[in-house]
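This is start.cif. It holds mmCIF, C-alpha atoms.
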```cif
data_run
loop_
_atom_site.label_atom_id
_atom_site.label_comp_id
_atom_site.auth_asym_id
_atom_site.auth_seq_id
_atom_site.Cartn_x
_atom_site.Cartn_y
_atom_site.Cartn_z
CA MET A 1 66.94 6.66 3.80
CA ASN A 2 66.40 10.01 2.06
CA PHE A 3 63.05 11.63 1.23
CA LYS A 4 63.13 10.38 -2.38
CA ASN A 5 63.55 6.75 -1.31
CA ARG A 6 60.85 7.06 1.35
CA THR A 7 58.43 8.51 -1.22
CA TYR A 8 59.27 5.70 -3.66
CA TRP A 9 58.51 2.96 -1.11
CA LEU A 10 55.41 4.81 0.10
CA PHE A 11 53.89 4.76 -3.38
CA LEU A 12 54.99 1.15 -3.89
CA LEU A 13 53.55 -0.04 -0.55
CA PRO A 14 49.88 -0.45 -1.69
CA THR A 15 50.97 -2.66 -4.61
CA LEU A 16 53.23 -4.76 -2.40
CA LEU A 17 50.44 -5.19 0.18
CA ALA A 18 48.00 -6.22 -2.55
CA LEU A 19 50.47 -8.81 -3.88
CA LEU A 20 51.09 -10.09 -0.36
CA LEU A 21 47.40 -10.40 0.56
CA VAL A 22 46.03 -11.59 -2.79
CA LEU A 23 48.87 -13.70 -4.19
CA ILE A 24 51.71 -14.64 -1.86
CA ILE A 25 49.83 -15.51 1.36
CA PRO A 26 47.03 -17.45 -0.42
CA PHE A 27 49.65 -19.37 -2.40
CA PHE A 28 51.50 -20.60 0.68
CA GLN A 29 48.17 -21.33 2.41
CA GLY A 30 47.22 -23.43 -0.62
CA VAL A 31 50.50 -25.34 -0.41
CA TYR A 32 49.87 -26.04 3.28
CA TYR A 33 46.26 -27.16 2.69
CA SER A 34 47.41 -29.54 -0.05
CA PHE A 35 49.07 -31.64 2.66
CA THR A 36 45.91 -31.81 4.78
CA GLU A 37 42.31 -32.97 4.83
CA TYR A 38 40.53 -29.64 4.51
CA ASP A 39 36.84 -29.10 3.77
CA GLY A 40 36.95 -25.33 3.38
CA PHE A 41 36.12 -24.68 7.03
CA LYS A 42 38.62 -26.60 9.10
CA VAL A 43 41.64 -28.86 8.79
CA THR A 44 40.76 -32.29 10.16
CA SER A 45 44.16 -33.93 9.80
CA PHE A 46 47.62 -33.66 8.25
CA VAL A 47 48.01 -36.32 5.53
CA GLY A 48 51.42 -35.49 4.09
CA PHE A 49 51.83 -36.52 0.45
CA ASP A 50 48.67 -38.70 0.41
CA ASN A 51 46.74 -36.17 -1.68
CA TYR A 52 49.54 -36.04 -4.27
CA ILE A 53 49.80 -39.83 -4.42
CA LYS A 54 46.02 -40.08 -4.79
CA LEU A 55 45.79 -37.69 -7.76
CA PHE A 56 48.17 -39.81 -9.87
CA SER A 57 45.62 -42.64 -9.71
CA ASP A 58 42.67 -40.30 -10.34
CA ASP A 59 41.66 -41.30 -13.88
CA GLN A 60 39.31 -38.35 -14.41
CA PHE A 61 41.92 -35.80 -13.36
CA LEU A 62 44.57 -37.39 -15.58
CA TYR A 63 42.08 -37.46 -18.45
CA SER A 64 41.25 -33.78 -17.90
CA LEU A 65 44.97 -32.94 -18.04
CA GLY A 66 45.31 -34.77 -21.35
CA PHE A 67 42.16 -33.11 -22.71
CA THR A 68 43.46 -29.69 -21.62
CA ALA A 69 46.84 -30.33 -23.28
CA ALA A 70 45.17 -31.33 -26.57
CA PHE A 71 42.84 -28.32 -26.40
CA SER A 72 45.77 -25.99 -25.70
CA ALA A 73 47.83 -27.33 -28.60
CA ALA A 74 44.96 -26.97 -31.10
CA SER A 75 44.01 -23.53 -29.76
CA VAL A 76 47.55 -22.13 -29.76
CA ILE A 77 48.06 -23.13 -33.40
CA GLY A 78 44.65 -21.84 -34.47
CA ILE A 79 44.89 -18.53 -32.60
CA ASN A 80 48.38 -17.66 -33.83
CA VAL A 81 47.72 -18.64 -37.45
CA LEU A 82 44.43 -16.71 -37.51
CA GLY A 83 45.80 -13.77 -35.50
CA LEU A 84 48.81 -13.39 -37.82
CA SER A 85 46.55 -13.71 -40.88
CA PHE A 86 44.29 -10.96 -39.55
CA ALA A 87 47.33 -8.78 -38.80
CA LEU A 88 48.71 -9.23 -42.31
CA LEU A 89 45.31 -8.37 -43.77
CA VAL A 90 44.65 -5.19 -41.80
CA THR A 91 48.20 -3.86 -42.30
CA GLN A 92 47.61 -3.77 -46.06
CA LYS A 93 46.58 -0.50 -47.73
CA LEU A 94 42.82 -0.83 -47.18
CA GLY A 95 42.04 2.73 -46.10
CA LYS A 96 39.19 3.10 -43.61
CA ALA A 97 38.28 -0.58 -44.09
CA SER A 98 41.44 -1.48 -42.14
CA THR A 99 40.08 0.22 -38.99
CA LEU A 100 36.71 -1.48 -39.47
CA PHE A 101 38.30 -4.92 -39.80
CA ARG A 102 40.49 -4.35 -36.74
CA THR A 103 37.42 -3.46 -34.69
CA ILE A 104 35.42 -6.46 -35.93
CA TYR A 105 38.26 -8.92 -35.29
CA PHE A 106 39.01 -7.54 -31.81
CA MET A 107 35.39 -7.34 -30.58
CA PRO A 108 35.05 -11.01 -29.44
CA ASN A 109 37.87 -10.42 -26.95
CA LEU A 110 35.73 -7.81 -25.20
CA ILE A 111 32.94 -10.30 -24.48
CA GLY A 112 33.07 -12.25 -21.21
CA GLY A 113 33.87 -15.96 -21.37
CA ILE A 114 30.53 -17.08 -19.93
CA ILE A 115 28.56 -14.95 -22.39
CA LEU A 116 30.72 -16.27 -25.24
CA GLY A 117 29.98 -19.80 -24.09
CA PHE A 118 26.23 -19.22 -24.18
CA ILE A 119 26.47 -17.50 -27.58
CA TRP A 120 28.28 -20.47 -29.10
CA GLN A 121 26.01 -22.89 -27.26
CA PHE A 122 23.11 -21.28 -29.13
CA VAL A 123 25.07 -21.56 -32.40
CA PHE A 124 25.86 -25.25 -31.92
CA LEU A 125 22.50 -26.29 -30.50
CA LYS A 126 20.09 -24.11 -32.48
CA ALA A 127 21.81 -22.77 -35.60
CA PHE A 128 23.69 -25.98 -36.44
CA THR A 129 20.62 -28.12 -35.75
CA GLY A 130 18.60 -25.81 -38.02
CA ILE A 131 21.16 -26.24 -40.80
CA ALA A 132 21.02 -30.02 -40.31
CA ASP A 133 17.20 -30.00 -40.50
CA VAL A 134 17.19 -27.91 -43.70
CA THR A 135 20.08 -29.58 -45.53
CA GLY A 136 19.92 -33.09 -44.07
CA ILE A 137 23.66 -32.96 -43.34
CA GLU A 138 24.13 -34.89 -40.10
CA PHE A 139 27.55 -33.34 -39.53
CA PHE A 140 25.85 -30.29 -38.00
CA ARG A 141 23.71 -32.25 -35.55
CA GLY A 142 24.52 -32.88 -31.88
CA TRP A 143 27.82 -31.03 -31.70
CA LEU A 144 27.83 -30.67 -27.91
CA SER A 145 26.61 -34.21 -27.23
CA ASP A 146 29.70 -35.82 -28.73
CA THR A 147 33.22 -35.74 -27.26
CA GLU A 148 35.07 -35.06 -30.51
CA THR A 149 32.80 -32.29 -31.78
CA GLY A 150 32.52 -30.89 -28.25
CA PHE A 151 36.30 -30.62 -28.20
CA TRP A 152 36.36 -28.74 -31.50
CA GLY A 153 33.47 -26.57 -30.33
CA LEU A 154 35.60 -25.42 -27.39
CA VAL A 155 38.56 -24.81 -29.70
CA ILE A 156 36.44 -22.76 -32.11
CA LEU A 157 35.06 -20.65 -29.24
CA PHE A 158 38.50 -19.93 -27.77
CA VAL A 159 40.15 -19.24 -31.14
CA TRP A 160 37.31 -16.85 -32.01
CA GLN A 161 37.78 -15.04 -28.69
CA MET A 162 41.58 -14.73 -28.63
CA SER A 163 42.54 -14.23 -32.30
CA GLY A 164 41.73 -10.51 -32.32
CA TYR A 165 43.78 -9.91 -29.18
CA ILE A 166 46.80 -11.71 -30.64
CA MET A 167 46.26 -9.83 -33.90
CA VAL A 168 47.01 -6.56 -32.08
CA ILE A 169 50.39 -7.91 -30.92
CA TYR A 170 51.35 -8.97 -34.44
CA ILE A 171 50.19 -5.62 -35.85
CA SER A 172 52.51 -3.72 -33.50
CA PHE A 173 55.50 -5.74 -34.72
CA LEU A 174 54.53 -5.67 -38.40
CA ASN A 175 54.23 -1.87 -38.28
CA ASN A 176 57.80 -1.67 -37.01
CA VAL A 177 59.26 -3.58 -39.97
CA PRO A 178 61.38 -1.01 -41.88
CA LYS A 179 59.72 -0.12 -45.19
CA GLU A 180 63.15 0.28 -46.78
CA LEU A 181 63.79 -3.45 -46.37
CA LEU A 182 60.47 -4.34 -48.00
CA GLU A 183 61.12 -1.93 -50.88
CA ALA A 184 64.60 -3.38 -51.36
CA ALA A 185 63.17 -6.90 -51.43
CA THR A 186 60.60 -5.83 -54.05
CA ILE A 187 63.31 -4.24 -56.19
CA ASP A 188 65.31 -7.47 -55.96
CA GLY A 189 62.31 -9.32 -57.40
CA ALA A 190 60.82 -10.86 -54.25
CA ASN A 191 57.11 -11.62 -54.34
CA LYS A 192 54.77 -11.09 -51.36
CA TRP A 193 55.36 -14.55 -49.93
CA GLN A 194 59.15 -14.20 -50.19
CA SER A 195 59.00 -10.71 -48.65
CA PHE A 196 57.00 -12.08 -45.72
CA TRP A 197 59.10 -15.20 -45.16
CA LYS A 198 62.54 -13.68 -45.71
CA VAL A 199 62.03 -10.13 -44.42
CA LYS A 200 58.98 -9.77 -42.16
CA PHE A 201 59.01 -13.16 -40.44
CA PRO A 202 62.53 -12.95 -38.93
CA LEU A 203 61.74 -9.45 -37.62
CA ILE A 204 58.47 -10.45 -35.92
CA ILE A 205 59.84 -13.56 -34.16
CA PRO A 206 59.68 -11.72 -30.79
CA ALA A 207 55.92 -11.39 -31.37
CA PHE A 208 55.69 -15.18 -31.48
CA THR A 209 57.41 -15.39 -28.09
CA VAL A 210 54.83 -13.08 -26.52
CA SER A 211 51.84 -14.54 -28.37
CA LEU A 212 52.72 -18.17 -27.66
CA PHE A 213 53.22 -17.41 -23.98
CA LEU A 214 49.86 -15.62 -23.70
CA THR A 215 47.88 -18.21 -25.67
CA LEU A 216 49.46 -21.17 -23.88
CA SER A 217 48.89 -19.79 -20.38
CA ASN A 218 45.33 -18.69 -21.19
CA ALA A 219 44.41 -21.95 -22.92
CA PHE A 220 45.48 -24.03 -19.92
CA LYS A 221 43.46 -21.81 -17.55
CA VAL A 222 40.15 -21.89 -19.45
CA TYR A 223 37.19 -22.48 -17.14
CA ASP A 224 34.23 -20.19 -17.79
CA GLN A 225 33.98 -21.05 -21.50
CA ASN A 226 34.16 -24.75 -20.65
CA MET A 227 31.45 -24.39 -18.02
CA ALA A 228 29.11 -22.35 -20.21
CA LEU A 229 29.50 -24.36 -23.43
CA THR A 230 29.65 -28.03 -22.40
CA ASN A 231 29.87 -28.06 -18.58
CA GLY A 232 32.31 -30.94 -19.03
CA GLY A 233 29.76 -33.17 -20.74
CA PRO A 234 28.96 -35.66 -21.99
CA PHE A 235 29.93 -37.63 -18.87
CA GLY A 236 33.03 -35.56 -18.12
CA SER A 237 34.58 -36.18 -21.54
CA THR A 238 35.13 -32.46 -22.23
CA GLU A 239 36.09 -31.55 -18.69
CA MET A 240 39.26 -29.46 -18.48
CA ALA A 241 41.69 -29.51 -15.58
CA THR A 242 40.44 -26.23 -14.12
CA MET A 243 36.87 -27.52 -14.01
CA ASN A 244 38.01 -30.78 -12.42
CA ILE A 245 39.85 -28.85 -9.71
CA TYR A 246 36.87 -26.54 -9.14
CA ASP A 247 34.42 -29.45 -8.86
CA THR A 248 36.70 -31.26 -6.40
CA ALA A 249 36.91 -28.15 -4.24
CA PHE A 250 33.33 -26.86 -4.30
CA LYS A 251 31.12 -29.80 -5.28
CA VAL A 252 32.91 -32.61 -3.48
CA GLN A 253 34.08 -30.19 -0.74
CA ASP A 254 37.55 -31.77 -0.68
CA MET A 255 39.61 -28.59 -0.62
CA GLY A 256 42.87 -30.24 0.42
CA TYR A 257 42.78 -32.68 -2.48
CA ALA A 258 41.78 -29.88 -4.88
CA GLN A 259 44.74 -27.81 -3.68
CA SER A 260 47.14 -30.66 -4.44
CA LYS A 261 45.68 -30.87 -7.96
CA ALA A 262 46.07 -27.10 -8.35
CA ILE A 263 49.72 -27.20 -7.22
CA VAL A 264 50.55 -29.98 -9.71
CA PHE A 265 48.67 -28.08 -12.43
CA LEU A 266 50.61 -24.90 -11.61
CA ILE A 267 53.91 -26.79 -11.86
CA ILE A 268 52.93 -28.21 -15.26
CA ILE A 269 51.92 -24.80 -16.64
CA THR A 270 55.12 -23.21 -15.29
CA LEU A 271 57.35 -25.88 -16.85
CA ILE A 272 55.61 -25.63 -20.24
CA SER A 273 55.81 -21.83 -20.20
CA VAL A 274 59.51 -21.81 -19.25
CA ILE A 275 60.35 -24.35 -21.97
CA GLN A 276 58.36 -22.38 -24.55
CA LEU A 277 60.09 -19.11 -23.61
CA TYR A 278 63.51 -20.77 -23.75
CA ILE A 279 62.91 -22.28 -27.20
CA THR A 280 61.39 -19.16 -28.78
CA ARG A 281 64.02 -16.81 -27.35
CA LYS A 282 66.76 -19.12 -28.58
CA LYS A 283 65.11 -18.99 -32.00
CA GLU A 284 65.11 -15.17 -31.83
CA THR A 285 68.89 -15.08 -31.39
CA GLU A 286 69.44 -17.61 -34.19
CA LEU A 287 67.47 -15.48 -36.65
#
```
Starting from the coordinates I provided, produce the structure as structure tokens.
Amino acid sequence: MNFKNRTYWLFLLPTLLALLLVLIIPFFQGVYYSFTEYDGFKVTSFVGFDNYIKLFSDDQFLYSLGFTAAFSAASVIGINVLGLSFALLVTQKLGKASTLFRTIYFMPNLIGGIILGFIWQFVFLKAFTGIADVTGIEFFRGWLSDTETGFWGLVILFVWQMSGYIMVIYISFLNNVPKELLEAATIDGANKWQSFWKVKFPLIIPAFTVSLFLTLSNAFKVYDQNMALTNGGPFGSTEMATMNIYDTAFKVQDMGYAQSKAIVFLIIITLISVIQLYITRKKETEL
């Protein structure tokens, strides 16, 4: 091994050690603990697949998976529609207002999830209740005490947080659309909608691949917003899978069972992400 190769591996070593200590070793430990009775301090017995069999009859865990899937679907659609709309708006000829709008739209992404949860909790509990008191419209009352409105409250929070981040991805692709193509489309008589659908949209399909992957993976992993806004209430009806796993591990102190839930959850997220990447990349080649 020459000096250049030794230097390369020397600089790479800290990153590899970090991955080994923070990701790879804990992952395989988690897999091992999922086959045991483990309370966080010691392994009392090896139970094989009992934890995995048990979780498929755990109604609350299965409900939380379904709730998380519904939340993710609604959030992914909302974030990408709003993010693309923002991107189309700020890439227009707005002068200095374009920079202002970009800053405003991106700011929610800079706020921590827990703080966002408390901000929107204030909005739903205080501001909405105030509107209901003044107008008499009951629609604004008790948003976080009802399962359906609690669900949409979580979706609104997450869409508000992530749309600005996804906007930046769409902006980078929209700015790379050749102006000559847009000018040619205008000369041929295409209106703005036709220019977007026939010219811009096929060229920004790779942005959808990236944005869908990011929004899907982040939506499935939401915890802090869920904890701060509804804490899973009322009666666990807005509890997401991550919160269910956390509660099993740290409130019930059944770490082995929680690990089995986490492994199954990881497999589900991986499968969904792989399928999404396959479909969107196939669509890229078709267009």
- Record the distance separating atom CA of A:Ile114 and atom CA of A:Tyr223, expressed in Å with one decimal. 9.0 Å
- Item | Protein, DNA and RNA residues within 12 Å of (57.8, -13.9, -25.3), only C-alpha atoms, as a PyMOL selection string | chain A and resi 169+204-217+273-284
- A:Leu84 proximity check over A:Ser163, A:Gln253, A:Thr129, A:Ser34, using all atoms listed in the file: winner is A:Ser163
- Can you tell me, as a PyMOL selection string, what residues are no more than 12 Å from A:Phe71 when counting only C-alpha atoms, ignoring any on the same chain fewer than 5 positions away? chain A and resi 64-66+76-79+148+150-159+215-216+218-222+226+238-241
Mind dumping the selected residues with C-alpha atoms as a compact mmCIF listing (two decimals), in the coordinates of the input?
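So the final result, stored in selection-v6.txt, reads:
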```
# COMPACT_ATOMS: atom_id res chain seq x y z
CA SER A 64 41.25 -33.78 -17.90
CA LEU A 65 44.97 -32.94 -18.04
CA GLY A 66 45.31 -34.77 -21.35
CA VAL A 76 47.55 -22.13 -29.76
CA ILE A 77 48.06 -23.13 -33.40
CA GLY A 78 44.65 -21.84 -34.47
CA ILE A 79 44.89 -18.53 -32.60
CA GLU A 148 35.07 -35.06 -30.51
CA GLY A 150 32.52 -30.89 -28.25
CA PHE A 151 36.30 -30.62 -28.20
CA TRP A 152 36.36 -28.74 -31.50
CA GLY A 153 33.47 -26.57 -30.33
CA LEU A 154 35.60 -25.42 -27.39
CA VAL A 155 38.56 -24.81 -29.70
CA ILE A 156 36.44 -22.76 -32.11
CA LEU A 157 35.06 -20.65 -29.24
CA PHE A 158 38.50 -19.93 -27.77
CA VAL A 159 40.15 -19.24 -31.14
CA THR A 215 47.88 -18.21 -25.67
CA LEU A 216 49.46 -21.17 -23.88
CA ASN A 218 45.33 -18.69 -21.19
CA ALA A 219 44.41 -21.95 -22.92
CA PHE A 220 45.48 -24.03 -19.92
CA LYS A 221 43.46 -21.81 -17.55
CA VAL A 222 40.15 -21.89 -19.45
CA ASN A 226 34.16 -24.75 -20.65
CA THR A 238 35.13 -32.46 -22.23
CA GLU A 239 36.09 -31.55 -18.69
CA MET A 240 39.26 -29.46 -18.48
CA ALA A 241 41.69 -29.51 -15.58
```
- Task: Measure the distance from atom CA of A:Asp50 to atom CA of A:Phe235 in Å and round it to one decimal.
- Result: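 Atom CA of A:Phe235 lies 26.9 Å from atom CA of A:Asp50.
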- Given the file shown, determine the residues that the PyMOL selection byres ((chain A and resi 85-93) around 9) selects; report them as a ChimeraX atom specification. /A:80-84,94-95,97-99,101-102,105,163-164,166-172,174-175
Please write the residues picked by the PyMOL selection byres ((chain A and resi 228) around 10) on this file as an mmCIF file with C-alpha atoms, keeping the file's coordinate frame.
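For reference, expr.cif as written:
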```cif
data_model
loop_
_atom_site.group_PDB
_atom_site.id
_atom_site.type_symbol
_atom_site.label_atom_id
_atom_site.label_comp_id
_atom_site.auth_asym_id
_atom_site.auth_seq_id
_atom_site.Cartn_x
_atom_site.Cartn_y
_atom_site.Cartn_z
ATOM 1 C CA GLY A 113 33.870 -15.960 -21.370
ATOM 2 C CA ILE A 114 30.530 -17.080 -19.930
ATOM 3 C CA ILE A 115 28.560 -14.950 -22.390
ATOM 4 C CA LEU A 116 30.720 -16.270 -25.240
ATOM 5 C CA GLY A 117 29.980 -19.800 -24.090
ATOM 6 C CA PHE A 118 26.230 -19.220 -24.180
ATOM 7 C CA ILE A 119 26.470 -17.500 -27.580
ATOM 8 C CA TRP A 120 28.280 -20.470 -29.100
ATOM 9 C CA GLN A 121 26.010 -22.890 -27.260
ATOM 10 C CA TYR A 223 37.190 -22.480 -17.140
ATOM 11 C CA ASP A 224 34.230 -20.190 -17.790
ATOM 12 C CA GLN A 225 33.980 -21.050 -21.500
ATOM 13 C CA ASN A 226 34.160 -24.750 -20.650
ATOM 14 C CA MET A 227 31.450 -24.390 -18.020
ATOM 15 C CA LEU A 229 29.500 -24.360 -23.430
ATOM 16 C CA THR A 230 29.650 -28.030 -22.400
ATOM 17 C CA ASN A 231 29.870 -28.060 -18.580
ATOM 18 C CA GLY A 232 32.310 -30.940 -19.030
#
```
- Query: How many Å lie between atom CA of A:Gln259 and atom CA of A:Pro26, rounded to one decimal?
  - Reply: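 Between these atoms lies a distance of 11.1 Å.
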- Task: For A:Phe46, work out the shell of residues within 9 Å, counting only C-alpha atoms and skipping chain neighbours fewer than 2 positions away, then give it as JSON, numbers by chain.
- Result: {"A": [33, 35, 36, 37, 38, 43, 44, 48]}
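In terms of minimum interatomic distance to A:Leu62, A:Phe265 ranks closest within A:Tyr165, A:Phe265, A:Tyr246, A:Trp193, counting all atoms listed in the file.
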Evaluated on this file, the PyMOL selection byres ((chain A and resi 128) around 12) picks out some residues - which ones are they, written as a JSON list (two decimals) with C-alpha atoms, keeping the file's coordinate frame?
```json
[["chain", "number", "residue", "atom", "x", "y", "z"],
["A", 120, "TRP", "CA", 28.28, -20.47, -29.10],
["A", 121, "GLN", "CA", 26.01, -22.89, -27.26],
["A", 122, "PHE", "CA", 23.11, -21.28, -29.13],
["A", 123, "VAL", "CA", 25.07, -21.56, -32.40],
["A", 124, "PHE", "CA", 25.86, -25.25, -31.92],
["A", 125, "LEU", "CA", 22.50, -26.29, -30.50],
["A", 126, "LYS", "CA", 20.09, -24.11, -32.48],
["A", 127, "ALA", "CA", 21.81, -22.77, -35.60],
["A", 129, "THR", "CA", 20.62, -28.12, -35.75],
["A", 130, "GLY", "CA", 18.60, -25.81, -38.02],
["A", 131, "ILE", "CA", 21.16, -26.24, -40.80],
["A", 132, "ALA", "CA", 21.02, -30.02, -40.31],
["A", 133, "ASP", "CA", 17.20, -30.00, -40.50],
["A", 134, "VAL", "CA", 17.19, -27.91, -43.70],
["A", 135, "THR", "CA", 20.08, -29.58, -45.53],
["A", 136, "GLY", "CA", 19.92, -33.09, -44.07],
["A", 137, "ILE", "CA", 23.66, -32.96, -43.34],
["A", 138, "GLU", "CA", 24.13, -34.89, -40.10],
["A", 139, "PHE", "CA", 27.55, -33.34, -39.53],
["A", 140, "PHE", "CA", 25.85, -30.29, -38.00],
["A", 141, "ARG", "CA", 23.71, -32.25, -35.55],
["A", 142, "GLY", "CA", 24.52, -32.88, -31.88],
["A", 143, "TRP", "CA", 27.82, -31.03, -31.70],
["A", 144, "LEU", "CA", 27.83, -30.67, -27.91],
["A", 153, "GLY", "CA", 33.47, -26.57, -30.33]]
```
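The protein and nucleic acid residues lying at most 8 Å from stretch 52-58 of chain A are A:Leu62, A:Tyr257, A:Ser260, A:Lys261, with all atoms listed in the file considered and sequence neighbours fewer than 4 positions away removed.
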Keeping C-alpha atoms, write stretch 181-256 of chain A of the structure just shown out as a PDB file, in the first residue's frame.
```
ATOM      1  CA  LEU A 181     -37.134  25.420 -24.570  1.00  0.00           C
ATOM      2  CA  LEU A 182     -39.556  27.682 -22.694  1.00  0.00           C
ATOM      3  CA  GLU A 183     -39.125  30.450 -25.275  1.00  0.00           C
ATOM      4  CA  ALA A 184     -39.707  27.972 -28.100  1.00  0.00           C
ATOM      5  CA  ALA A 185     -42.867  26.715 -26.402  1.00  0.00           C
ATOM      6  CA  THR A 186     -44.125  30.306 -26.022  1.00  0.00           C
ATOM      7  CA  ILE A 187     -43.437  31.028 -29.687  1.00  0.00           C
ATOM      8  CA  ASP A 188     -45.369  27.878 -30.614  1.00  0.00           C
ATOM      9  CA  GLY A 189     -48.364  29.283 -28.727  1.00  0.00           C
ATOM     10  CA  ALA A 190     -48.152  27.330 -25.465  1.00  0.00           C
ATOM     11  CA  ASN A 191     -49.694  28.967 -22.417  1.00  0.00           C
ATOM     12  CA  LYS A 192     -48.147  28.795 -18.918  1.00  0.00           C
ATOM     13  CA  TRP A 193     -49.930  25.580 -17.987  1.00  0.00           C
ATOM     14  CA  GLN A 194     -48.888  23.867 -21.239  1.00  0.00           C
ATOM     15  CA  SER A 195     -45.302  25.102 -20.818  1.00  0.00           C
ATOM     16  CA  PHE A 196     -45.197  23.650 -17.305  1.00  0.00           C
ATOM     17  CA  TRP A 197     -46.843  20.325 -18.143  1.00  0.00           C
ATOM     18  CA  LYS A 198     -45.122  19.666 -21.468  1.00  0.00           C
ATOM     19  CA  VAL A 199     -41.716  21.279 -20.914  1.00  0.00           C
ATOM     20  CA  LYS A 200     -40.895  21.829 -17.235  1.00  0.00           C
ATOM     21  CA  PHE A 201     -42.587  18.788 -15.703  1.00  0.00           C
ATOM     22  CA  PRO A 202     -40.712  16.087 -17.691  1.00  0.00           C
ATOM     23  CA  LEU A 203     -37.401  17.821 -16.893  1.00  0.00           C
ATOM     24  CA  ILE A 204     -38.010  18.010 -13.130  1.00  0.00           C
ATOM     25  CA  ILE A 205     -39.140  14.389 -12.695  1.00  0.00           C
ATOM     26  CA  PRO A 206     -35.816  13.564 -10.939  1.00  0.00           C
ATOM     27  CA  ALA A 207     -36.794  16.161  -8.313  1.00  0.00           C
ATOM     28  CA  PHE A 208     -39.898  14.113  -7.558  1.00  0.00           C
ATOM     29  CA  THR A 209     -37.731  11.044  -6.957  1.00  0.00           C
ATOM     30  CA  VAL A 210     -35.639  12.888  -4.377  1.00  0.00           C
ATOM     31  CA  SER A 211     -38.556  14.759  -2.789  1.00  0.00           C
ATOM     32  CA  LEU A 212     -40.809  11.717  -2.481  1.00  0.00           C
ATOM     33  CA  PHE A 213     -38.006   9.707  -0.894  1.00  0.00           C
ATOM     34  CA  LEU A 214     -37.243  12.441   1.653  1.00  0.00           C
ATOM     35  CA  THR A 215     -40.872  13.156   2.544  1.00  0.00           C
ATOM     36  CA  LEU A 216     -41.815   9.487   2.804  1.00  0.00           C
ATOM     37  CA  SER A 217     -38.881   8.550   5.036  1.00  0.00           C
ATOM     38  CA  ASN A 218     -39.325  11.626   7.242  1.00  0.00           C
ATOM     39  CA  ALA A 219     -43.097  11.224   7.539  1.00  0.00           C
ATOM     40  CA  PHE A 220     -42.782   7.635   8.750  1.00  0.00           C
ATOM     41  CA  LYS A 221     -40.177   8.651  11.353  1.00  0.00           C
ATOM     42  CA  VAL A 222     -42.115  11.542  12.928  1.00  0.00           C
ATOM     43  CA  TYR A 223     -41.974  11.448  16.721  1.00  0.00           C
ATOM     44  CA  ASP A 224     -41.248  14.810  18.339  1.00  0.00           C
ATOM     45  CA  GLN A 225     -44.093  16.629  16.550  1.00  0.00           C
ATOM     46  CA  ASN A 226     -46.487  13.839  17.520  1.00  0.00           C
ATOM     47  CA  MET A 227     -45.362  13.980  21.145  1.00  0.00           C
ATOM     48  CA  ALA A 228     -45.549  17.766  21.415  1.00  0.00           C
ATOM     49  CA  LEU A 229     -48.864  18.270  19.596  1.00  0.00           C
ATOM     50  CA  THR A 230     -51.144  15.411  20.684  1.00  0.00           C
ATOM     51  CA  ASN A 231     -48.951  13.004  22.706  1.00  0.00           C
ATOM     52  CA  GLY A 232     -50.886  10.233  20.977  1.00  0.00           C
ATOM     53  CA  GLY A 233     -54.226  11.321  22.410  1.00  0.00           C
ATOM     54  CA  PRO A 234     -57.091  11.032  22.748  1.00  0.00           C
ATOM     55  CA  PHE A 235     -56.648   7.488  24.099  1.00  0.00           C
ATOM     56  CA  GLY A 236     -53.839   6.567  21.699  1.00  0.00           C
ATOM     57  CA  SER A 237     -55.901   7.380  18.596  1.00  0.00           C
ATOM     58  CA  THR A 238     -53.224   9.688  17.136  1.00  0.00           C
ATOM     59  CA  GLU A 239     -50.266   7.599  18.242  1.00  0.00           C
ATOM     60  CA  MET A 240     -47.743   6.977  15.476  1.00  0.00           C
ATOM     61  CA  ALA A 241     -45.554   3.899  15.196  1.00  0.00           C
ATOM     62  CA  THR A 242     -42.440   5.663  16.487  1.00  0.00           C
ATOM     63  CA  MET A 243     -44.259   6.790  19.625  1.00  0.00           C
ATOM     64  CA  ASN A 244     -45.654   3.302  20.175  1.00  0.00           C
ATOM     65  CA  ILE A 245     -42.152   1.824  19.930  1.00  0.00           C
ATOM     66  CA  TYR A 246     -40.726   4.488  22.257  1.00  0.00           C
ATOM     67  CA  ASP A 247     -43.452   3.944  24.868  1.00  0.00           C
ATOM     68  CA  THR A 248     -42.938   0.174  24.761  1.00  0.00           C
ATOM     69  CA  ALA A 249     -39.208   0.614  25.308  1.00  0.00           C
ATOM     70  CA  PHE A 250     -39.090   3.373  27.927  1.00  0.00           C
ATOM     71  CA  LYS A 251     -42.492   3.422  29.632  1.00  0.00           C
ATOM     72  CA  VAL A 252     -43.262  -0.283  29.701  1.00  0.00           C
ATOM     73  CA  GLN A 253     -39.516  -1.117  29.930  1.00  0.00           C
ATOM     74  CA  ASP A 254     -39.897  -3.982  27.447  1.00  0.00           C
ATOM     75  CA  MET A 255     -36.859  -3.265  25.304  1.00  0.00           C
ATOM     76  CA  GLY A 256     -36.786  -6.644  23.562  1.00  0.00           C
TER      77      GLY A 256
END
```
